[in-house]
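File shown here: input.csv, holding CSV, C-alpha atoms and all ligand atoms.
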```csv
chain,number,residue,atom,x,y,z
A,2,MET,CA,0.3,3.6,-26.8
A,3,ALA,CA,-0.6,2.5,-23.3
A,4,LEU,CA,-2.0,5.2,-21.0
A,5,ILE,CA,0.2,5.7,-17.9
A,6,LEU,CA,-1.9,5.8,-14.7
A,7,ASP,CA,0.0,8.5,-12.8
A,8,GLY,CA,-0.2,7.7,-9.0
A,9,LYS,CA,1.6,10.9,-8.1
A,10,GLN,CA,-1.1,13.1,-9.8
A,11,VAL,CA,-3.8,11.2,-7.9
A,12,ARG,CA,-1.9,11.4,-4.7
A,13,ASP,CA,-1.6,15.2,-5.1
A,14,ARG,CA,-5.3,15.5,-5.6
A,15,ILE,CA,-6.0,13.4,-2.5
A,16,LEU,CA,-3.6,15.4,-0.3
A,17,ALA,CA,-5.0,18.7,-1.7
A,18,SER,CA,-8.5,17.6,-0.6
A,19,LEU,CA,-7.2,16.7,2.9
A,20,ARG,CA,-5.4,20.0,3.6
A,21,PRO,CA,-8.5,22.1,4.4
A,22,ARG,CA,-9.8,19.3,6.6
A,23,VAL,CA,-6.5,19.2,8.6
A,24,GLU,CA,-6.6,23.0,8.9
A,25,LYS,CA,-10.1,23.0,10.1
A,26,LEU,CA,-9.3,20.4,12.8
A,27,ALA,CA,-6.2,22.3,13.8
A,28,GLU,CA,-8.1,25.6,14.2
A,29,ALA,CA,-11.1,24.1,16.0
A,30,ALA,CA,-9.3,21.6,18.3
A,31,ARG,CA,-5.8,20.2,17.4
A,32,PRO,CA,-4.1,18.7,14.4
A,33,PRO,CA,-4.6,15.0,13.7
A,34,GLY,CA,-1.9,12.8,15.3
A,35,LEU,CA,-0.2,9.7,13.9
A,36,ALA,CA,2.2,7.5,15.8
A,37,VAL,CA,4.5,5.2,13.8
A,38,VAL,CA,6.1,2.3,15.5
A,39,LEU,CA,9.2,1.1,13.7
A,40,VAL,CA,11.2,-1.8,15.2
A,41,GLY,CA,14.9,-2.3,14.6
A,42,HIS,CA,16.8,-1.4,11.3
A,43,ASN,CA,15.1,-2.6,8.2
A,44,PRO,CA,16.3,-0.4,5.3
A,45,ALA,CA,13.1,-0.8,3.2
A,46,SER,CA,10.8,-0.1,6.3
A,47,GLU,CA,12.9,3.0,7.1
A,48,ILE,CA,12.4,4.4,3.6
A,49,TYR,CA,8.6,3.8,3.9
A,50,VAL,CA,8.4,5.4,7.3
A,51,ARG,CA,10.4,8.4,6.1
A,52,GLY,CA,7.9,8.9,3.3
A,53,LYS,CA,4.9,8.7,5.7
A,54,VAL,CA,6.4,11.1,8.2
A,55,LYS,CA,7.3,13.6,5.4
A,56,ALA,CA,3.7,13.4,4.1
A,57,CYS,CA,2.4,14.2,7.7
A,58,GLU,CA,4.8,17.2,7.9
A,59,GLU,CA,3.7,18.6,4.6
A,60,LEU,CA,0.0,18.3,5.5
A,61,GLY,CA,0.3,19.6,9.1
A,62,ILE,CA,-0.5,16.3,10.8
A,63,HIS,CA,1.4,15.7,14.0
A,64,SER,CA,3.6,12.6,13.7
A,65,GLU,CA,5.9,10.9,16.0
A,66,LYS,CA,8.2,7.9,15.6
A,67,HIS,CA,8.7,5.2,18.2
A,68,LEU,CA,11.8,3.2,17.5
A,69,PRO,CA,12.1,0.1,19.8
A,70,THR,CA,15.3,-1.9,19.2
A,71,SER,CA,15.2,-5.2,17.3
A,72,ASP,CA,15.5,-7.2,20.6
A,73,VAL,CA,12.2,-5.8,21.8
A,74,THR,CA,9.8,-8.2,23.5
A,75,THR,CA,6.1,-8.7,22.7
A,76,GLU,CA,5.3,-7.4,26.2
A,77,GLU,CA,7.3,-4.2,25.7
A,78,LEU,CA,5.5,-3.6,22.4
A,79,LEU,CA,2.1,-4.3,23.9
A,80,PHE,CA,2.9,-1.8,26.6
A,81,LEU,CA,3.8,0.8,24.0
A,82,ILE,CA,0.6,0.1,21.9
A,83,ARG,CA,-1.6,0.4,25.0
A,84,SER,CA,-0.1,3.7,26.0
A,85,LEU,CA,-0.6,5.0,22.5
A,86,ASN,CA,-4.2,3.7,22.6
A,87,GLU,CA,-4.8,5.9,25.6
A,88,ARG,CA,-3.2,9.1,24.3
A,89,PRO,CA,-6.0,11.6,23.5
A,90,ASP,CA,-3.8,13.4,20.9
A,91,ILE,CA,-3.0,10.3,18.9
A,92,ASP,CA,-5.7,9.4,16.3
A,93,GLY,CA,-3.8,6.8,14.3
A,94,ILE,CA,-1.2,4.1,15.2
A,95,LEU,CA,0.8,2.4,12.5
A,96,VAL,CA,3.0,-0.6,13.3
A,97,GLN,CA,5.4,-1.0,10.4
A,98,LEU,CA,5.7,-4.6,9.4
A,99,PRO,CA,7.5,-7.0,9.4
A,100,LEU,CA,8.2,-7.3,13.2
A,101,PRO,CA,11.2,-9.3,14.4
A,102,GLU,CA,10.7,-13.1,14.8
A,103,GLN,CA,10.5,-13.1,18.6
A,104,VAL,CA,7.5,-10.8,18.5
A,105,ASP,CA,4.0,-12.1,18.4
A,106,GLU,CA,2.9,-10.0,15.5
A,107,ASP,CA,-0.7,-11.1,15.8
A,108,ALA,CA,-0.9,-10.1,19.5
A,109,VAL,CA,0.6,-6.7,18.7
A,110,LEU,CA,-1.9,-5.9,15.9
A,111,MET,CA,-4.8,-7.2,18.0
A,112,ALA,CA,-3.8,-4.8,20.8
A,113,LEU,CA,-4.4,-1.8,18.6
A,114,ASP,CA,-7.5,0.1,19.4
A,115,PRO,CA,-9.6,-0.5,16.1
A,116,VAL,CA,-10.6,3.1,16.1
A,117,LYS,CA,-6.9,4.1,15.7
A,118,ASP,CA,-6.1,1.4,13.2
A,119,VAL,CA,-5.3,3.5,10.2
A,120,ASP,CA,-3.9,0.6,8.3
A,121,GLY,CA,-7.2,-1.3,8.5
A,122,PHE,CA,-5.5,-4.5,9.5
A,123,HIS,CA,-7.3,-5.1,12.8
A,124,PRO,CA,-9.8,-8.0,12.6
A,125,VAL,CA,-12.6,-5.7,13.7
A,126,ASN,CA,-11.9,-3.5,10.6
A,127,VAL,CA,-11.4,-6.5,8.4
A,128,GLY,CA,-14.8,-7.6,9.5
A,129,HIS,CA,-16.3,-4.2,8.6
A,130,LEU,CA,-14.7,-4.5,5.2
A,131,VAL,CA,-16.0,-8.1,4.6
A,132,ALA,CA,-19.5,-7.0,5.8
A,133,GLY,CA,-19.4,-3.9,3.5
A,134,ARG,CA,-19.7,-1.6,6.5
A,135,PRO,CA,-17.8,1.7,6.9
A,136,GLY,CA,-14.4,1.6,8.5
A,137,PRO,CA,-10.7,2.2,7.7
A,138,ARG,CA,-9.7,0.3,4.6
A,139,PRO,CA,-6.2,-1.0,3.9
A,140,CYS,CA,-4.3,1.9,2.2
A,141,THR,CA,-2.9,0.2,-0.9
A,142,PRO,CA,-6.2,-1.2,-2.3
A,143,SER,CA,-8.2,1.8,-1.3
A,144,GLY,CA,-5.6,4.0,-3.1
A,145,ILE,CA,-6.0,1.8,-6.2
A,146,MET,CA,-9.7,2.4,-6.1
A,147,ARG,CA,-9.1,6.1,-6.1
A,148,LEU,CA,-6.9,5.7,-9.1
A,149,PHE,CA,-9.7,3.9,-11.0
A,150,GLN,CA,-12.2,6.7,-10.0
A,151,HIS,CA,-9.7,9.4,-11.1
A,152,TYR,CA,-9.2,7.8,-14.5
A,153,LYS,CA,-12.9,7.0,-14.8
A,154,ILE,CA,-12.2,3.3,-15.2
A,155,ASP,CA,-15.6,1.7,-14.9
A,156,LEU,CA,-15.3,-1.7,-13.1
A,157,ALA,CA,-18.9,-2.8,-13.3
A,158,GLY,CA,-19.2,-6.2,-15.1
A,159,LYS,CA,-15.5,-6.2,-15.8
A,160,ARG,CA,-13.3,-9.3,-15.3
A,161,ALA,CA,-10.8,-8.4,-12.6
A,162,VAL,CA,-8.0,-10.7,-11.7
A,163,VAL,CA,-6.0,-10.1,-8.5
A,164,ILE,CA,-2.7,-12.0,-8.1
A,165,GLY,CA,-1.8,-12.3,-4.5
A,166,ARG,CA,-4.0,-13.0,-1.4
A,167,SER,CA,-2.3,-11.2,1.4
A,168,GLY,CA,-4.3,-9.4,4.0
A,169,ILE,CA,-2.6,-6.2,3.2
A,170,VAL,CA,-3.2,-6.1,-0.6
A,171,GLY,CA,-4.7,-9.1,-2.4
A,172,LYS,CA,-7.7,-10.0,-0.2
A,173,PRO,CA,-9.0,-6.4,0.5
A,174,MET,CA,-8.3,-5.5,-3.2
A,175,ALA,CA,-10.5,-8.3,-4.3
A,176,LEU,CA,-13.3,-7.2,-2.0
A,177,LEU,CA,-13.2,-3.6,-3.1
A,178,LEU,CA,-13.3,-4.7,-6.7
A,179,LEU,CA,-16.3,-6.9,-5.9
A,180,TYR,CA,-18.1,-4.0,-4.2
A,181,ALA,CA,-17.5,-2.0,-7.5
A,182,ASN,CA,-19.4,-4.8,-9.3
A,183,ALA,CA,-16.4,-6.4,-11.0
A,184,THR,CA,-16.3,-10.2,-11.5
A,185,VAL,CA,-13.3,-11.1,-9.4
A,186,THR,CA,-10.8,-13.9,-9.5
A,187,ILE,CA,-8.1,-14.3,-6.9
A,188,CYS,CA,-4.9,-16.1,-8.0
A,189,HIS,CA,-2.0,-17.2,-5.8
A,190,SER,CA,1.0,-19.5,-5.9
A,191,ARG,CA,-1.1,-22.6,-6.2
A,192,THR,CA,-3.2,-21.4,-9.1
A,193,ARG,CA,-3.1,-23.6,-12.1
A,194,GLY,CA,-2.9,-22.0,-15.5
A,195,LEU,CA,-2.0,-18.6,-14.2
A,196,ALA,CA,-1.2,-17.1,-17.6
A,197,ALA,CA,-4.6,-18.1,-19.0
A,198,GLU,CA,-6.4,-16.7,-15.9
A,199,CYS,CA,-4.5,-13.4,-16.2
A,200,GLY,CA,-4.9,-13.2,-20.0
A,201,ARG,CA,-8.7,-13.1,-19.6
A,202,ALA,CA,-8.6,-10.1,-17.3
A,203,ASP,CA,-10.0,-6.7,-18.2
A,204,VAL,CA,-8.3,-5.4,-15.0
A,205,LEU,CA,-5.2,-7.1,-13.7
A,206,VAL,CA,-3.8,-6.3,-10.3
A,207,ALA,CA,-0.4,-7.9,-9.6
A,208,ALA,CA,0.6,-8.1,-5.9
A,209,ILE,CA,3.1,-10.9,-5.8
A,210,GLY,CA,6.6,-9.5,-5.0
A,211,ARG,CA,8.5,-11.2,-7.9
A,212,PRO,CA,10.5,-9.0,-10.3
A,213,ALA,CA,9.0,-8.8,-13.8
A,214,PHE,CA,7.3,-12.1,-13.3
A,215,LEU,CA,4.3,-11.4,-15.5
A,216,THR,CA,5.4,-11.5,-19.1
A,217,GLY,CA,3.4,-10.7,-22.3
A,218,GLU,CA,1.4,-13.9,-22.3
A,219,PHE,CA,-0.2,-12.8,-19.0
A,220,VAL,CA,-1.5,-9.5,-20.2
A,221,ALA,CA,-4.5,-9.0,-22.6
A,222,PRO,CA,-3.9,-6.2,-25.2
A,223,ASP,CA,-6.9,-4.1,-23.9
A,224,ALA,CA,-6.2,-4.8,-20.1
A,225,VAL,CA,-5.8,-2.2,-17.4
A,226,VAL,CA,-2.8,-3.3,-15.4
A,227,VAL,CA,-2.1,-2.2,-11.8
A,228,ASP,CA,1.4,-3.3,-10.7
A,229,VAL,CA,1.6,-3.2,-6.9
A,230,GLY,CA,5.0,-5.1,-6.7
A,231,ILE,CA,8.1,-3.2,-5.5
A,232,ASN,CA,11.2,-5.3,-6.2
A,233,ARG,CA,14.8,-4.2,-6.1
A,234,LEU,CA,17.2,-5.4,-8.7
A,235,LYS,CA,20.7,-5.3,-7.3
A,236,ASP,CA,22.8,-7.1,-10.0
A,237,ARG,CA,23.8,-5.9,-13.4
A,238,GLN,CA,22.8,-9.2,-15.0
A,239,SER,CA,19.1,-8.9,-13.9
A,240,VAL,CA,18.9,-5.2,-14.9
A,241,GLU,CA,20.3,-6.0,-18.4
A,242,ARG,CA,17.9,-9.0,-18.7
A,243,ILE,CA,14.8,-7.0,-17.7
A,244,PHE,CA,15.7,-3.7,-19.3
A,245,PRO,CA,17.8,-4.7,-22.3
A,246,GLY,CA,19.5,-1.8,-24.1
A,247,ASP,CA,18.5,0.8,-21.4
A,248,PRO,CA,21.7,2.6,-20.3
A,249,GLU,CA,19.7,4.8,-17.9
A,250,LYS,CA,18.8,1.8,-15.8
A,251,LEU,CA,22.4,0.7,-15.6
A,252,GLU,CA,23.4,4.2,-14.6
A,253,GLU,CA,20.7,4.1,-11.9
A,254,LEU,CA,22.1,0.8,-10.6
A,255,GLY,CA,25.6,2.4,-10.4
A,256,LEU,CA,24.3,5.5,-8.6
A,257,LYS,CA,21.7,4.0,-6.2
A,258,GLY,CA,22.9,0.3,-5.9
A,259,SER,CA,19.5,-1.0,-7.1
A,260,VAL,CA,16.8,-0.5,-9.7
A,261,LEU,CA,13.1,-0.8,-8.9
A,262,VAL,CA,10.9,-3.0,-11.0
A,263,GLY,CA,7.3,-4.2,-10.5
A,264,ASP,CA,5.8,-7.6,-10.8
A,265,VAL,CA,4.9,-7.0,-14.5
A,266,HIS,CA,7.6,-7.2,-17.1
A,267,PRO,CA,8.2,-3.7,-18.7
A,268,ALA,CA,7.9,-5.3,-22.2
A,269,ALA,CA,4.4,-6.6,-21.3
A,270,LEU,CA,3.2,-3.1,-20.2
A,271,SER,CA,3.7,-1.5,-23.5
A,272,GLN,CA,1.1,-3.8,-25.1
A,273,CYS,CA,-1.8,-3.1,-22.6
A,274,ALA,CA,-4.4,-0.3,-22.6
A,275,ALA,CA,-3.2,1.4,-19.4
A,276,TYR,CA,-0.8,0.7,-16.5
A,277,THR,CA,0.6,2.0,-13.3
A,278,PRO,CA,4.4,2.6,-13.5
A,279,VAL,CA,6.9,1.4,-10.8
A,280,PRO,CA,7.9,3.7,-9.2
A,281,GLY,CA,5.3,6.4,-9.3
A,282,GLY,CA,2.1,4.3,-9.5
A,283,VAL,CA,0.7,2.6,-6.5
A,284,GLY,CA,3.3,3.6,-3.9
A,285,PRO,CA,2.3,7.3,-3.7
A,286,LEU,CA,-1.3,6.3,-3.3
A,287,THR,CA,-0.6,4.1,-0.3
A,288,ILE,CA,0.8,7.0,1.6
A,289,ALA,CA,-2.0,9.4,0.5
A,290,MET,CA,-4.6,6.9,1.8
A,291,LEU,CA,-2.8,6.6,5.1
A,292,MET,CA,-3.1,10.3,5.5
A,293,SER,CA,-6.8,10.1,4.5
A,294,ASN,CA,-7.4,7.4,7.1
A,295,THR,CA,-5.6,9.4,9.8
A,296,VAL,CA,-7.7,12.5,9.0
A,297,GLU,CA,-10.9,10.5,9.1
A,298,ALA,CA,-9.9,8.9,12.4
A,299,ALA,CA,-9.3,12.4,13.9
A,300,GLU,CA,-12.6,13.8,12.6
A,301,ARG,CA,-14.4,10.8,14.1
A,302,ARG,CA,-12.7,11.1,17.4
A,303,LEU,CA,-13.2,14.9,17.6
A,304,GLY,CA,-16.8,14.7,16.5
A,305,PHE,CA,-16.5,16.5,13.2
A,401,LIG,P1,2.9,-11.3,0.3
A,401,LIG,O1,4.3,-11.9,0.2
A,401,LIG,O2,2.2,-11.2,1.6
A,401,LIG,O3,2.0,-12.0,-0.8
A,401,LIG,C1,2.4,-12.4,-2.1
A,401,LIG,C2,1.3,-13.1,-2.7
A,401,LIG,O4,1.8,-13.5,-4.0
A,401,LIG,C3,0.9,-14.4,-2.0
A,401,LIG,O5,-0.5,-14.5,-1.9
A,401,LIG,C4,1.5,-15.5,-2.9
A,401,LIG,O6,0.7,-16.7,-3.0
A,401,LIG,C5,1.5,-14.8,-4.3
A,401,LIG,N1,2.5,-15.4,-5.1
A,401,LIG,C6,3.8,-15.6,-4.8
A,401,LIG,N2,4.4,-16.2,-5.8
A,401,LIG,C7,3.5,-16.5,-6.8
A,401,LIG,C8,3.5,-17.1,-8.0
A,401,LIG,N3,4.6,-17.6,-8.5
A,401,LIG,N4,2.3,-17.2,-8.7
A,401,LIG,C9,1.2,-16.6,-8.2
A,401,LIG,N5,1.1,-16.0,-7.0
A,401,LIG,C10,2.2,-16.0,-6.3
A,401,LIG,O7,3.1,-9.8,-0.3
A,401,LIG,P2,2.3,-8.5,-0.2
A,401,LIG,O8,0.9,-8.7,-0.6
A,401,LIG,O9,2.5,-7.9,1.1
A,401,LIG,O10,3.0,-7.6,-1.3
A,401,LIG,C11,3.1,-7.9,-2.6
A,401,LIG,C12,4.0,-7.0,-3.4
A,401,LIG,O11,3.5,-5.7,-3.3
A,401,LIG,C13,5.4,-6.9,-2.8
A,401,LIG,O12,6.3,-6.6,-3.8
A,401,LIG,C14,5.4,-5.6,-1.9
A,401,LIG,O13,6.6,-5.0,-1.8
A,401,LIG,C15,4.4,-4.8,-2.7
A,401,LIG,N6,3.7,-3.8,-2.0
A,401,LIG,C16,3.6,-2.5,-2.5
A,401,LIG,C17,2.9,-1.6,-1.8
A,401,LIG,C18,2.9,-0.2,-2.5
A,401,LIG,O14,2.5,0.7,-1.8
A,401,LIG,N7,3.2,-0.1,-3.8
A,401,LIG,C19,2.2,-1.8,-0.6
A,401,LIG,C20,2.3,-3.2,-0.1
A,401,LIG,C21,3.0,-4.1,-0.8
A,401,LIG,P3,0.5,-17.6,-1.7
A,401,LIG,O15,-0.5,-17.0,-0.8
A,401,LIG,O16,0.0,-18.9,-2.3
A,401,LIG,O17,1.8,-17.8,-1.0
```
The structure given in the file should be rewritten as C-alpha cells.
Amino acid sequence: MALILDGKQVRDRILASLRPRVEKLAEAARPPGLAVVLVGHNPASEIYVRGKVKACEELGIHSEKHLPTSDVTTEELLFLIRSLNERPDIDGILVQLPLPEQVDEDAVLMALDPVKDVDGFHPVNVGHLVAGRPGPRPCTPSGIMRLFQHYKIDLAGKRAVVIGRSGIVGKPMALLLLYANATVTICHSRTRGLAAECGRADVLVAAIGRPAFLTGEFVAPDAVVVDVGINRLKDRQSVERIFPGDPEKLEELGLKGSVLVGDVHPAALSQCAAYTPVPGGVGPLTIAMLMSNTVEAAERRLGF
C-alpha cells in the first residue's frame, strides 16, 4: 500500500509553529500584515485568495484585500504597489496571478519591494535562490521540501525528476531539490521520452496542469510522487474515464459542478511508494508557506 503524504497534517504543524511568533510580534510591536491584490473576477483566484485570507485570520495576521476591476491599467496597479511598498504596517504583498492581458505583469512584479515579496517571485529573490543565499522562497516548492522533511524522505543522491519549468513551481523546485543533494532532471513539453525519464525517478514532482496525464508507465513502483497539478473535471465522461466505478466522484460532480484531479492518474498512484493526494496534498502547504514568508518578513522588518 502506498503511503499517503498528508499535506494538511504538515500544514497544521507549520501553522502551529508560526502562532507563537505571530503572538510575540503582536505583543511587542504589531501583528504581521499581508496585502493581497486580486484583479477582476477569476473564480479559481478568488478561491485561492479566500484560503489565504482565512489562514491569516486564524493565525492573527492582519490581511487586507485590494480588488481593482479587470479594466485596471498597468499605471494604476503600479501606483497601488508603490503605496503598499511604503506602508509601514504591511510586511508582505501578494499579487494574485494571472493579471489581465492589458497589464504588464512583469512591470507590476518588478515594482514590488523585494523585502515584501512573500511569493519569492521578484528577480532579486530569484537571484538569492539561484545563488543559494537566504531569502523568501516560492511557497509551493518550499512547502514540498517541508513535506519531505516531515516524512523523513532523504533526498541525498536520489534521482529526482521535476516535470514543469515554471518560475512558480518547476524551476525553484528543481533548485531546492539540488540543494538537498538530489540528482535533478527537469522535464517539459519538449522532453523526448518523458515516460522513460519519469520512470527512472526515485522522487517525481509533477507540475504540468494536465488532468491525470501521468499514467502507470511514468511511475516507478518505489517512487515518491508529489502531484502539484490542480485540474478541474467538469464533464461526466472525463470523471467516469479517470475514476471508473467511483460513484462518490460522480456525486461530487453533481454537487459541486467539478471534480479535482492532479497531473498523476489515480491508478498510477496506488502502485508507488508514497504520494501526495489531490486535494489535501500540496495545496495546503502552499498557503502555510505564504504565512511563514509573511511572518519572516515581519520579523526581519521589525528587527526580531
Ligand atoms: P505552467 O503552465 O506555468 O507550467 C506548466 C509546465 O508543464 C510547463 O513547463 C510546460 O512545459 C509543462 N508541460 C505542459 N505540457 C506538458 C507535457 N505534455 N509534457 C511535459 N511537460 C508539459 O503551470 P504552473 O507551474 O504554474 O502550474 C502547474 C500545475 O500546478 C497547475 O495545475 C497549477 O494549477 C498547479 N499549481 C498548484 C499549486 C498548489 O498549491 N497545489 C500552486 C501552483 C500551481 P513548457 O515550459 O515546455 O511549456
- Task: Counting all atoms listed in the file, name the residues that have an atom within 7 Å of an atom of ligand LIG 401 (chain A); the answer should be given as a count of residues only.
- Result: 27
- Write out as a list of chain:residue names the residues lying within 8 Å of stretch 250-257 of chain A, counting only C-alpha atoms and excluding same-chain residues fewer than 5 positions away.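 Contacts, with the query itself left out: A:Lys235, A:Asp236, A:Arg237, A:Val240, A:Glu241, A:Phe244.
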- Given the choices A:Val220, A:Val23, A:Ala202, A:Met146, which gets closest to A:Ala161 if the distance is worked out from all atoms listed in the file? A:Ala202
- Message: Measuring between all atoms listed in the file, which one of A:Pro280, A:Pro212, A:Pro89, A:Pro99 shows the shortest distance to A:Val265?
- Response: A:Pro212
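Atom CA of A:Val226 lies 9.2 Å from atom CA of A:Leu6.
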- Give me, please, the distance in Å between atom CA of A:Thr75 and atom CA of A:Glu102, quoted to one decimal.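 Spanning atom CA of A:Thr75 to atom CA of A:Glu102 is a straight-line distance of 10.1 Å.
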- Message: For a cutoff of 12 Å around the file-coordinate point (-9.7, 0.5, -25.4), which residues qualify once you count only C-alpha atoms? I'd like the result as a ChimeraX atom specification.
- Response: /A:2-4,154,203,221-225,272-275
Closest pair table for stretch 92-115 of chain A residues within 12 Å of stretch 38-54 of chain A, all atoms listed in the file, as CSV:
```
residue,atom,partner,partner_atom,distance
A:Gly93,CA,A:Val38,CA,10.9
A:Ile94,CA,A:Val38,CA,7.5
A:Leu95,CA,A:Val38,CA,6.1
A:Val96,CA,A:Val38,CA,4.8
A:Gln97,CA,A:Leu39,CA,5.5
A:Leu98,CA,A:Ser46,CA,7.5
A:Pro99,CA,A:Ser46,CA,8.3
A:Leu100,CA,A:Val40,CA,6.6
A:Pro101,CA,A:Val40,CA,7.5
A:Glu102,CA,A:Val40,CA,11.3
A:Gln103,CA,A:Val40,CA,11.8
A:Val104,CA,A:Val40,CA,10.3
A:Glu106,CA,A:Val40,CA,11.7
A:Val109,CA,A:Val38,CA,11.0
A:Leu110,CA,A:Val38,CA,11.5
A:Leu113,CA,A:Val38,CA,11.7
```
- Message: Between A:Val206, A:Ile62, A:Ala30, A:Val163, which residue has the minimum interatomic distance to A:Arg302, considering only C-alpha atoms?
- Response: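 Answer, going by the shortest atom-to-atom distance: A:Ala30.
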- For atom CA of A:Ala181 and atom CA of A:Gly194, quote the distance in Å rounded to one decimal.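 That distance, rounded to one decimal, is 26.0 Å.
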- All residues 12 Å or closer to A:Arg88, only C-alpha atoms, same chain fewer than 5 positions away omitted, as a list in words: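 The neighbour list is Gly34, Leu35, Ala36, Leu81, Ile82, Arg83, Gly93, Ile94, Asp114, Lys117 and Arg302 of chain A.
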